[in-house]
Amino acid sequence: MTAKKSVKGQKIKLIVRQANHSDIAGIVALSTKVYGPELSLTDKTIAGQISNFPEGQFVAEYNGRVVGHCATFIISGAIALKQHNWDQITGYGYASRHDLDGDYLYGMEVCVDPGYRRLRIGQRLYNARKKLCTDYHLKGIVFGGRMPGYGRRAKSFPDPTDYLDQVLEGQIKDTVINFHIRNGFEAIGVLKNYLPTDKSSRGHASHMIWHNPAIEEGDNRTPEQRGRTQNSVRIATVQYQVRKVNSFEDFAKQVEYFVDVAADYTADFVLFPELLTIPLVSMEPDRLSPQQSIELITNYTDQYVKFMQNLAVSYNINIIGGSHPTRIDEDTIENHAYIFLRDGQFHTQPKLHPTPNESYWWNIKGGDSLKAIQTDCGPIGVLVCYDTEFPEPVRHLTDQGAKILFVPFCTDERQGYLRVKYCCQARAVENQIYVATAGIVGNLPDVENMDVHYAESGIYTPCDFPFARDGIAAMTDVNTESIVFADLRLDQLTISRNSGTVRNLKDRRFDLYRVDWKKR
């Protein structure tokens, strides 16, 4: 899938995919850049890795350039869990000891272009390993991890095991070991004389393991997984407080804070409210009319898109960036939701039904396109606020395969909020989908038509046995800036649709009614 061009014509596309033989030159160049010509992988070893276990080799590709690489193979735990060194267990780097009858995935190599480190490429590659481990029903992942801080402290800790213990207790920081722990791995000891060429680690390595939660339930799951369930999609919804800002950078800093939090909790999606960018009007020294405010905010479209697109890629998270008034032509402004995917793509979804207030005060027009959006977690739908009070759009998205609906909203008082809430819960029940909502709180006294706000954002489920009590997976406090999370099992929707107490989608009377959408 090709990434869309940004508003300014720039293109961002970051993907992790299976490596193939055509990538060998790019992997060699990356390895040489990271390790130097004497220690880099050769084209022969990489070819061996791909030939021995093609499914276990991955590259991260940024706009066609190889910027990350990881190599794996399968081996018996009887070998991987004992003392070993890199040459022995990897077959001198060729993955020649790959054993399909093994029960652990072994991580033999990860490298990332230092010029692209803020894009969380390492985390993406580790996620690819975990998925591979789960797909092959293996017990877990094992590898020898670098200890780059040890070389500086070897005199204080002659035994590298003592150094590792201090890092695990939080007394010392080691960037690589701490990265592995944050990603759910557990240190089970030190592999001494693991890789003599790793001078900064004095040749030693931390012996790391990740337990596959689908195989090893209970005590083997680490706190860093934060209770995440297998095969789930993690959703974060932000109840965002509008406040006066003095610059776009002020606004950007507030938004990035919540993206950072959501990414730290390994969320797949983070949802922001409708009219997220409206605080930018507060920078104006003069009080503007409602229509002047909306026309002004459209001038920030390019800046907003570029900023949010970079956030999605750098934090490795899909962002539903609320909505932003967008100029379509000289006479038309629509309220568009923007969806920024972590591979660099972005999409827009216009609000179909402006409220009477929006039409009168802001001259906002309704859009006429509605399409499910393909993501790495499956197809999703996005509707802005008032659109959820009409059942037909949600059914149209569900028919296109969407199982999660994201709803950014902005309501001024409790009655308006309740209309959105009750309708979203109804859409979840009648379509047997998940619905996440995010609203604005706070006020902007100097911005016309944005005087007060009321919100209680939530994540809703169908009402049946597999789902949350009362059909509510998560809910914020009323009118308080906050972020909430929920893990949503998409397979539970499939089960419910086919064998639930009620089966709304299957039991429709196609002989009595239907909804036809005009082709656009």
# chains A, B, ... in the order shown; residues from 1 in each chain; ligands from 1
>>> select_by_dssp(residues="range 125-211 of chain A", states="helix (DSSP H, G or I)", output="PyMOL selection string")
chain A and resi 125-135+150-153+160-168+175-182+199-201
>>> write_last_selection(atoms="C-alpha atoms", output="tab-separated table (two decimals), in the first residue's frame")
chain	number	residue	atom	x	y	z
A	125	LEU	CA	11.06	-4.90	14.94
A	126	TYR	CA	10.56	-6.43	18.38
A	127	ASN	CA	6.80	-6.37	17.82
A	128	ALA	CA	7.34	-8.24	14.55
A	129	ARG	CA	9.32	-10.87	16.45
A	130	LYS	CA	6.57	-11.25	19.03
A	131	LYS	CA	3.94	-11.68	16.34
A	132	LEU	CA	6.08	-14.30	14.61
A	133	CYS	CA	6.56	-16.13	17.91
A	134	THR	CA	2.81	-16.11	18.51
A	135	ASP	CA	1.98	-17.19	14.95
A	150	TYR	CA	29.18	-2.34	31.41
A	151	GLY	CA	32.50	-1.40	29.82
A	152	ARG	CA	32.55	1.91	31.72
A	153	ARG	CA	31.81	0.21	35.03
A	160	PRO	CA	28.97	-8.70	34.93
A	161	THR	CA	26.16	-10.45	36.80
A	162	ASP	CA	26.50	-7.89	39.59
A	163	TYR	CA	26.25	-5.10	37.02
A	164	LEU	CA	23.08	-6.61	35.55
A	165	ASP	CA	21.54	-6.93	39.02
A	166	GLN	CA	22.18	-3.24	39.69
A	167	VAL	CA	20.49	-2.28	36.41
A	168	LEU	CA	17.47	-4.44	37.20
A	175	THR	CA	20.03	2.00	27.62
A	176	VAL	CA	19.86	-1.38	25.91
A	177	ILE	CA	18.95	-3.47	28.94
A	178	ASN	CA	16.33	-0.92	29.99
A	179	PHE	CA	14.89	-0.94	26.44
A	180	HIS	CA	14.50	-4.73	26.57
A	181	ILE	CA	12.83	-4.61	29.99
A	182	ARG	CA	10.38	-1.91	28.82
A	199	LYS	CA	33.95	-4.16	23.34
A	200	SER	CA	31.54	-1.84	25.19
A	201	SER	CA	29.90	-4.92	26.76
>>> residues_around(residues="range 284-299 of chain A", least_positions_apart="2", cutoff="7 Å", atoms="only C-alpha atoms", output="number ranges by chain")
A: 278, 280-282, 301, 325-327, 361-363, 446-449
>>> closest_residue(among="A:Leu81, A:Leu105, A:Ala262, A:Ile495", to="Leu191 in chain A", atoms="only C-alpha atoms")
A:Leu81
>>> select_by_dssp(residues="range 110-239 of chain A", states="strand (DSSP E or B)", output="PyMOL selection string")
chain A and resi 110-112+140-145+186-191+205-211+232-239
>>> closest_residue(among="A:Tyr257, A:Tyr194, A:Phe73, A:Phe269", to="Asp376 in chain A", atoms="only C-alpha atoms")
A:Phe269
>>> closest_residue(among="A:Gln303, A:Asn231, A:Gln425, A:Gln400", to="Thr388 in chain A", atoms="only C-alpha atoms")
A:Gln425
>>> closest_atom_pairs(of="range 439-497 of chain A", to="range 237-256 of chain A", cutoff="8 Å", atoms="only C-alpha atoms", output="CSV")
residue,atom,partner,partner_atom,distance
A:Gly439,CA,A:Gln239,CA,5.3
A:Ile440,CA,A:Tyr240,CA,5.0
A:Val441,CA,A:Gln241,CA,4.7
A:Gly442,CA,A:Gln241,CA,5.1
A:Asn443,CA,A:Val242,CA,6.1
A:Leu444,CA,A:Arg243,CA,6.3
A:Ala455,CA,A:Gln239,CA,7.5
A:Glu456,CA,A:Gln239,CA,7.5
A:Ser457,CA,A:Gln239,CA,6.1
A:Gly458,CA,A:Thr237,CA,7.3
A:Ile459,CA,A:Thr237,CA,7.7
A:Thr476,CA,A:Gln239,CA,7.4
A:Thr480,CA,A:Gln239,CA,7.2
A:Glu481,CA,A:Gln239,CA,5.2
A:Ser482,CA,A:Gln239,CA,5.2
A:Ile483,CA,A:Val238,CA,4.5
A:Val484,CA,A:Thr237,CA,5.6
A:Phe485,CA,A:Thr237,CA,6.6
>>> atom_distance(atom1="CA of Arg419 in chain A", atom2="CA of Ile339 in chain A")
24.2 Å
>>> residues_around(residues="Ile404 in chain A", least_positions_apart="6", cutoff="7 Å", atoms="only C-alpha atoms", output="ChimeraX atom specification")
/A:380-381,433-435
>>> residues_around(residues="Ala426 in chain A", least_positions_apart="6", cutoff="12 Å", atoms="only C-alpha atoms", output="list in words")
Thr388, Glu389, Phe390, Pro391, Val394, Arg395, Leu418, Arg419, Val420, Gln432, Ile433, Tyr434, Val435, Tyr460, Thr461, Pro462, Cys463, Gly471 and Asn504 of chain A
>>> closest_residue(among="A:Gln171, A:Ala154, A:Asp43, A:Ala19", to="Arg202 in chain A", atoms="only C-alpha atoms")
A:Ala154
>>> atom_distance(atom1="CA of Val384 in chain A", atom2="CA of Pro350 in chain A")
7.8 Å
>>> closest_residue(among="A:Pro356, A:Gly56, A:Pro158, A:Gly184", to="Glu109 in chain A", atoms="only C-alpha atoms")
A:Gly56
>>> closest_residue(among="A:Cys424, A:Ala402, A:Ala267, A:Met147", to="Gly378 in chain A", atoms="only C-alpha atoms")
A:Ala402
>>> decode(residues="range 189-211 of chain A", atoms="N, CA, C and O atoms", output="CSV table (one decimal), in the first residue's frame")
chain,number,residue,atom,x,y,z
A,189,GLY,N,19.9,-13.9,33.4
A,189,GLY,CA,21.3,-14.1,33.7
A,189,GLY,C,22.2,-13.4,32.7
A,189,GLY,O,21.8,-12.6,31.9
A,190,VAL,N,23.5,-13.8,32.8
A,190,VAL,CA,24.5,-13.2,31.9
A,190,VAL,C,25.1,-14.3,31.1
A,190,VAL,O,25.5,-15.4,31.6
A,191,LEU,N,25.2,-14.1,29.8
A,191,LEU,CA,25.9,-15.0,28.9
A,191,LEU,C,27.4,-14.5,28.8
A,191,LEU,O,27.6,-13.4,28.1
A,192,LYS,N,28.3,-15.1,29.5
A,192,LYS,CA,29.7,-14.6,29.5
A,192,LYS,C,30.4,-15.0,28.2
A,192,LYS,O,30.2,-16.1,27.7
A,193,ASN,N,31.2,-14.1,27.8
A,193,ASN,CA,32.0,-14.2,26.6
A,193,ASN,C,31.1,-14.6,25.4
A,193,ASN,O,31.4,-15.5,24.6
A,194,TYR,N,30.0,-13.9,25.3
A,194,TYR,CA,29.0,-14.2,24.3
A,194,TYR,C,29.4,-13.7,22.9
A,194,TYR,O,29.3,-14.4,21.9
A,195,LEU,N,30.0,-12.4,22.8
A,195,LEU,CA,30.4,-11.9,21.6
A,195,LEU,C,31.6,-11.0,21.8
A,195,LEU,O,31.5,-9.8,22.2
A,196,PRO,N,32.8,-11.6,21.7
A,196,PRO,CA,34.1,-10.9,22.0
A,196,PRO,C,34.2,-9.6,21.3
A,196,PRO,O,34.9,-8.7,21.8
A,197,THR,N,33.7,-9.4,20.1
A,197,THR,CA,33.9,-8.2,19.4
A,197,THR,C,33.1,-7.0,20.0
A,197,THR,O,33.3,-5.9,19.6
A,198,ASP,N,32.1,-7.3,20.9
A,198,ASP,CA,31.3,-6.2,21.5
A,198,ASP,C,32.1,-5.6,22.7
A,198,ASP,O,32.0,-6.0,23.8
A,199,LYS,N,33.0,-4.7,22.3
A,199,LYS,CA,33.9,-4.2,23.3
A,199,LYS,C,33.2,-3.4,24.5
A,199,LYS,O,33.6,-3.5,25.6
A,200,SER,N,32.2,-2.6,24.1
A,200,SER,CA,31.5,-1.8,25.2
A,200,SER,C,30.8,-2.7,26.2
A,200,SER,O,30.6,-2.3,27.3
A,201,SER,N,30.5,-4.0,25.8
A,201,SER,CA,29.9,-4.9,26.8
A,201,SER,C,30.9,-5.9,27.3
A,201,SER,O,30.6,-6.8,28.1
A,202,ARG,N,32.2,-5.6,27.0
A,202,ARG,CA,33.3,-6.5,27.4
A,202,ARG,C,33.0,-8.0,27.0
A,202,ARG,O,33.5,-8.9,27.6
A,203,GLY,N,32.3,-8.1,25.8
A,203,GLY,CA,32.1,-9.4,25.3
A,203,GLY,C,30.9,-10.1,25.9
A,203,GLY,O,30.5,-11.2,25.4
A,204,HIS,N,30.3,-9.6,27.0
A,204,HIS,CA,29.2,-10.3,27.7
A,204,HIS,C,27.9,-9.9,27.1
A,204,HIS,O,27.8,-8.9,26.4
A,205,ALA,N,26.8,-10.6,27.5
A,205,ALA,CA,25.5,-10.2,27.1
A,205,ALA,C,24.5,-10.6,28.2
A,205,ALA,O,24.7,-11.5,29.0
A,206,SER,N,23.4,-9.8,28.3
A,206,SER,CA,22.3,-10.2,29.2
A,206,SER,C,21.5,-11.3,28.5
A,206,SER,O,21.2,-11.2,27.3
A,207,HIS,N,21.2,-12.3,29.2
A,207,HIS,CA,20.4,-13.4,28.7
A,207,HIS,C,18.9,-13.1,28.9
A,207,HIS,O,18.4,-13.1,30.0
A,208,MET,N,18.2,-12.8,27.8
A,208,MET,CA,16.9,-12.2,27.8
A,208,MET,C,15.9,-13.3,27.3
A,208,MET,O,16.1,-14.0,26.4
A,209,ILE,N,14.7,-13.2,27.9
A,209,ILE,CA,13.6,-14.1,27.5
A,209,ILE,C,12.3,-13.3,27.5
A,209,ILE,O,12.0,-12.4,28.4
A,210,TRP,N,11.4,-13.6,26.5
A,210,TRP,CA,10.0,-13.1,26.5
A,210,TRP,C,9.1,-14.3,26.5
A,210,TRP,O,9.3,-15.2,25.6
A,211,HIS,N,8.2,-14.4,27.4
A,211,HIS,CA,7.3,-15.6,27.4
A,211,HIS,C,6.0,-15.2,26.6
A,211,HIS,O,5.4,-14.2,26.8
